[in-house]
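First comes the structure, then the notes that go with it.
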Amino acid sequence: MDKEVAMMQLVIDGILVLVVVVLAWRSLNDRDLFRAVIKFIVLGLLMAVAWVRLRAPDVALAEAAVGSGLTGALILSALVRMRRREKVAAPSTASRSEGA
């Protein structure tokens with residue numbers, strides 16, 4: 001019975017590592033910034049799960065709060081502000097090219 005439980009935990013850990021690596025790679029190589037930020041937030045949550053599996057709940061809580069929560073919210077906020085500024089700047093550049 002213990003061997004079955006240990007094997008199942010090993011399989012779960014292996015899947016977790018694989019998903020974390022793939023998600024990290026995809027979040028870095030995504031052309032859509034919004035999707036990349038969402039993947040980054042999910043990556044932080046999965047890292048918190050990995051810390052729980054390593055029996056470090058204090059680090060897991062910090063990772064969930066800072067790594068995905070606060071950092072993700074700040075990056076998402078910066079992305080929204082950047083897109084707003086692009087929308088405001090876009091008509092002014094179009095009018096300049098038409099007037100010239």
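Following the order of the structure tokens, chains are lettered A, B, ..., residues in each are numbered from 1, and ligands are numbered from 1.
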**Item:** Selection: 9 Å around region 46-55 of chain A, only C-alpha atoms, excl. self and same-chain fewer than 6 positions, as a PyMOL selection string
**Value:** chain A and resi 13+16-17+19-20+61-64+67-68
**Prompt:** Hey, which of A:Leu33, A:Val11, A:Val59, A:Val5 ends up closest to Arg83 (chain A)? Count only C-alpha atoms.
**Reply:**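 Among the listed residues, the smallest separation from Arg83 (chain A) belongs to A:Leu33.
We find CA of Phe34 (chain A) and CA of Leu76 (chain A) to be spaced 7.5 Å apart.
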**Prompt:** In terms of the shortest atom-to-atom distance over only C-alpha atoms, which of A:Leu70, A:Ala60, A:Val21, A:Ile75 is closest to Arg35 (chain A)?
**Reply:**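 Among A:Leu70, A:Ala60, A:Val21, A:Ile75, it is A:Ile75 that comes nearest to Arg35 (chain A).
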**Proximity to Ser77 (chain A) - best of A:Gly14, A:Val37, A:Ala90, A:Asn29, only C-alpha atoms** =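 Of all the options, A:Val37 lies closest to Ser77 (chain A).
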**Asked** In Å, with one decimal, what is the gap from CA of Ala24 (chain A) to CA of Lys39 (chain A)?
**Response**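 Those two atoms sit 7.7 Å apart.
The space separating CA of Leu74 (chain A) from CA of Arg31 (chain A) comes to 19.3 Å.
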**Best match for closeness to Asp32 (chain A) among A:Ile12, A:Lys3, A:Leu18, A:Leu79, counting only C-alpha atoms** =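 Closest residue, counting only C-alpha atoms: A:Leu79.
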